[in-house]
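Chemist: Before anything else, here's the structure in question.
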Amino acid sequence: MADSSRLDTGVPGLSEVLRGGLIPERAYMLSGDPGTGKTVLGLQFLSAADGPALFVGFEEPAEQVRANAASLGVDLDGVAFLDLSPDGDVFAEDRSYDVFAADEVESEGVTARIRAAVEEHDPDRVFVDPMTQFRHYVRDDYQFRREVASFIRYLTDRGATVLFSTQPTSSVPDDDLEFICDGTVTLAHAEKGRTLEVTKFRGSGFASGAHTARIGEGGVRVYPKLVPGDHTAAFTAETVPTGIDGLDDLLHGGFARGTVTVLSGPSGVGKTTTATHALAAAAARGEHAAAYLFEESAATFTHRSESVGLDVRGLREAGDLAVREVEPLGVSPDEFAADVREAVEEDGARTVLIDGVSGYRLSLRGERDDLVRELHALCRYLRNVGVTVILVDDVASIAGDIQVTSDRISYLADTIVFLRYLELQGELRKAIGVLKNRTSDFERTLREFRITDEGIVLGDPMTRLRGVLSGSPELVDD
């Protein structure tokens with residue numbers, strides 16, 4: 001529920017970072033290198049105003065600013081413009097100053113124009129782009145800070161909320177302005193794309209850390225980092241069938257609601273097909289399910305599922321199953337978490353498949369510890385809201401000693417189901433077993449695993465085999 005005492009920033013996701021939005025009648029600083037999105041964000045702030053809003057621009061002509069905003073779909077119809085950018089013919093005139101006239105260097109001309117615009121429009125929101133331009137109108141840093149502090153006080157005393165950008169350089173930083181404002185938002189370019197970070201917000205808490213930011217249709221959008229503890233929901237702890245009778249027998253009923261199951265095994269052994277049976281079973285119970293595919297297309301997933309008797313196409317058309325392709329190098333963990341949250345909180349997904357862990361790792365473009373940290377946060381969130389999670393984890397070993405999971409993720413799992421290949425009497429076969437199940441007892445045997453035209457079939461316990469986990473199975477006498 002929105003906090004009526006806060007102002008909507010006009011930037012999707014930013015109000016969540018700010019724990020509800022901006023505090024009215026205060027001043028906030030936007031810092032960042034050129035091209036990070038400061039002006040676009042400021043224009044979104046103005047476009048969200050319920051009353052009059054004023055843009056004070058020192059660099060780009062008003063027509064260009066409006067055109068850039070229109071190209072992103074940002075509506076500035078209710079925004080007044082004060083264009084203080086230098087005219088193109090200023091260099092052709094013989095003046096004692098390079099760009100600004102003498103009265104402008106002493107700040108009197110600029111101050112008078114700003115005051116006139118403020119008194120004419122009486123704005124509720126003001127965006128100054130950039131505030132550091134005031135340095136050109138004063139003699140020293142002390143006078144600059146006094147001018148800016150006085151200007152901000154003048155606007156906030158009139159009931160305006162002020163946002164201003166800065167254009168710092170190595171020789172002229174903007175840290176002195178942080179002492180004047182009530183909050184600081186920093187936009188930056190990072191290895192994983194644009195980021196937004198709040199480093200100061202007087203009178204309120206905020207979500208710390210660097211959050212993913214994107215510029216697209218509508219302007220800047222922020223994807224807050226997922227904090228699992230901020231999200232809980234009541235749910236009934238129960239066991240839900242997987243849709244595979246033999247696997248339900250192994251698990252003494254199926255997967256537990258609000259838990260994480262890792263399906264582990266080498267490529268092609270049947271992990272995704274097993275997970276798809278669980279999704280179809282959820283849909284058959286009248287629950288919404290969502291599959292996120294990092295490693296294959298939705299078309300391939302659908303075709304392969306239908307070849308074993310699973311009507312994925314029908315489930316999708318009925319709205320019971322959402323299948324989404326994810327390009328790992330094109331999405332950050334923050335964006336992916338936001339997509340999953342939307343599926344859970346808006347679409348009502350109760351079972352979520354992430355296929356697979358190795359593809360998700362690519363989206364991190366970082367260290368192995370990043371994978372564990374980000375996946376931990378996502379899985380803990382899903383647990384907290386009662387979602388049944390299935391992670392498909394591709395391990396490298398085809399034969400030999402069993403590799404439980406990749407990248408030290410086994411601790412995330414409440415249940416680990418492993419599949420593996422067997423060479424038995426010159427024939428390639430498959431086996432399935434359960435290594436871990438925190439919520440109930442489970443059958444401690446291996447069963448033969450087969451994928452048929454009618455789905456997955458599990459055989460009787462393979463009690464006449466030994467050495468399966470070491471990769472050297474042998475038949476033994478009864």
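Identifiers for the structure tokens are assigned positionally: chains receive A, B, ... in sequence, residues are indexed from 1 per chain, and ligands are indexed from 1 in the order shown.
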If you run DSSP on the backbone, which residues of range 152-188 of chain A are strand (DSSP E or B), as an MDAnalysis selection string?
Modeler: chainID A and resid 161:165 183:188
Chemist: Can you write just those residues out, N, CA and C atoms, as a PDB file, in the first residue's frame?
Modeler:
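Result went into again_28.pdb, see below:
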ATOM      1  N   THR A 161       9.283  20.253  -3.846  1.00  0.00           N
ATOM      2  CA  THR A 161      10.258  19.178  -3.671  1.00  0.00           C
ATOM      3  C   THR A 161      11.258  19.302  -4.814  1.00  0.00           C
ATOM      4  N   VAL A 162      12.542  19.305  -4.480  1.00  0.00           N
ATOM      5  CA  VAL A 162      13.584  19.647  -5.445  1.00  0.00           C
ATOM      6  C   VAL A 162      14.443  18.420  -5.744  1.00  0.00           C
ATOM      7  N   LEU A 163      14.664  18.201  -7.018  1.00  0.00           N
ATOM      8  CA  LEU A 163      15.622  17.197  -7.471  1.00  0.00           C
ATOM      9  C   LEU A 163      16.622  17.914  -8.360  1.00  0.00           C
ATOM     10  N   PHE A 164      17.900  17.678  -8.137  1.00  0.00           N
ATOM     11  CA  PHE A 164      18.893  18.311  -9.005  1.00  0.00           C
ATOM     12  C   PHE A 164      19.970  17.314  -9.378  1.00  0.00           C
ATOM     13  N   SER A 165      20.462  17.442 -10.608  1.00  0.00           N
ATOM     14  CA  SER A 165      21.548  16.581 -11.066  1.00  0.00           C
ATOM     15  C   SER A 165      22.868  17.311 -10.887  1.00  0.00           C
ATOM     16  N   GLY A 183      19.042  13.869   0.359  1.00  0.00           N
ATOM     17  CA  GLY A 183      19.211  12.515  -0.136  1.00  0.00           C
ATOM     18  C   GLY A 183      20.077  12.506  -1.378  1.00  0.00           C
ATOM     19  N   THR A 184      20.778  11.407  -1.578  1.00  0.00           N
ATOM     20  CA  THR A 184      21.659  11.285  -2.737  1.00  0.00           C
ATOM     21  C   THR A 184      21.395   9.977  -3.444  1.00  0.00           C
ATOM     22  N   VAL A 185      21.168  10.070  -4.751  1.00  0.00           N
ATOM     23  CA  VAL A 185      20.971   8.901  -5.599  1.00  0.00           C
ATOM     24  C   VAL A 185      22.070   8.931  -6.656  1.00  0.00           C
ATOM     25  N   THR A 186      22.805   7.820  -6.770  1.00  0.00           N
ATOM     26  CA  THR A 186      23.915   7.755  -7.716  1.00  0.00           C
ATOM     27  C   THR A 186      23.609   6.757  -8.819  1.00  0.00           C
ATOM     28  N   LEU A 187      23.720   7.208 -10.064  1.00  0.00           N
ATOM     29  CA  LEU A 187      23.564   6.353 -11.238  1.00  0.00           C
ATOM     30  C   LEU A 187      24.944   6.062 -11.802  1.00  0.00           C
ATOM     31  N   ALA A 188      25.145   4.845 -12.279  1.00  0.00           N
ATOM     32  CA  ALA A 188      26.480   4.473 -12.746  1.00  0.00           C
ATOM     33  C   ALA A 188      26.389   3.398 -13.813  1.00  0.00           C
TER      34      ALA A 188
END
Chemist: Show me, as an MDAnalysis selection string, the residues that have an atom within 12 Å of Phe151 in chain A when counting only C-alpha atoms, minus same-chain residues fewer than 4 positions from it.
Modeler: chainID A and resid 27 107 110:112 114:115 118 126 128 131 134 144:147 155:158 160 162 164 180:181
Chemist: Identify, on the basis of only C-alpha atoms, every residue whose closest approach to Thr195 in chain A does not exceed 12 Å; exclude the query and any residue fewer than 6 positions from it along the same chain; express the result as a ChimeraX atom specification.
Modeler: /A:14,31-33,36-38,185-189,209-215,220-225,332,334-335
Chemist: Skip Ser305 in chain A itself and residues of its chain fewer than 2 positions away, then list as a count of residues only all residues within 12 Å of it, counting only C-alpha atoms.
Modeler: 32
Chemist: Please identify which residues in range 53-168 of chain A DSSP calls helix (DSSP H, G or I) from the backbone, and express them as a ChimeraX atom specification.
Modeler: /A:62-71,90-92,102-105,108-121,131-137,141-157
Chemist: Ranking A:Asp174, A:Asp249, A:Glu325, A:Asp140 by minimum distance to Thr445 in chain A and counting only C-alpha atoms, which one comes first?
Modeler: A:Asp249
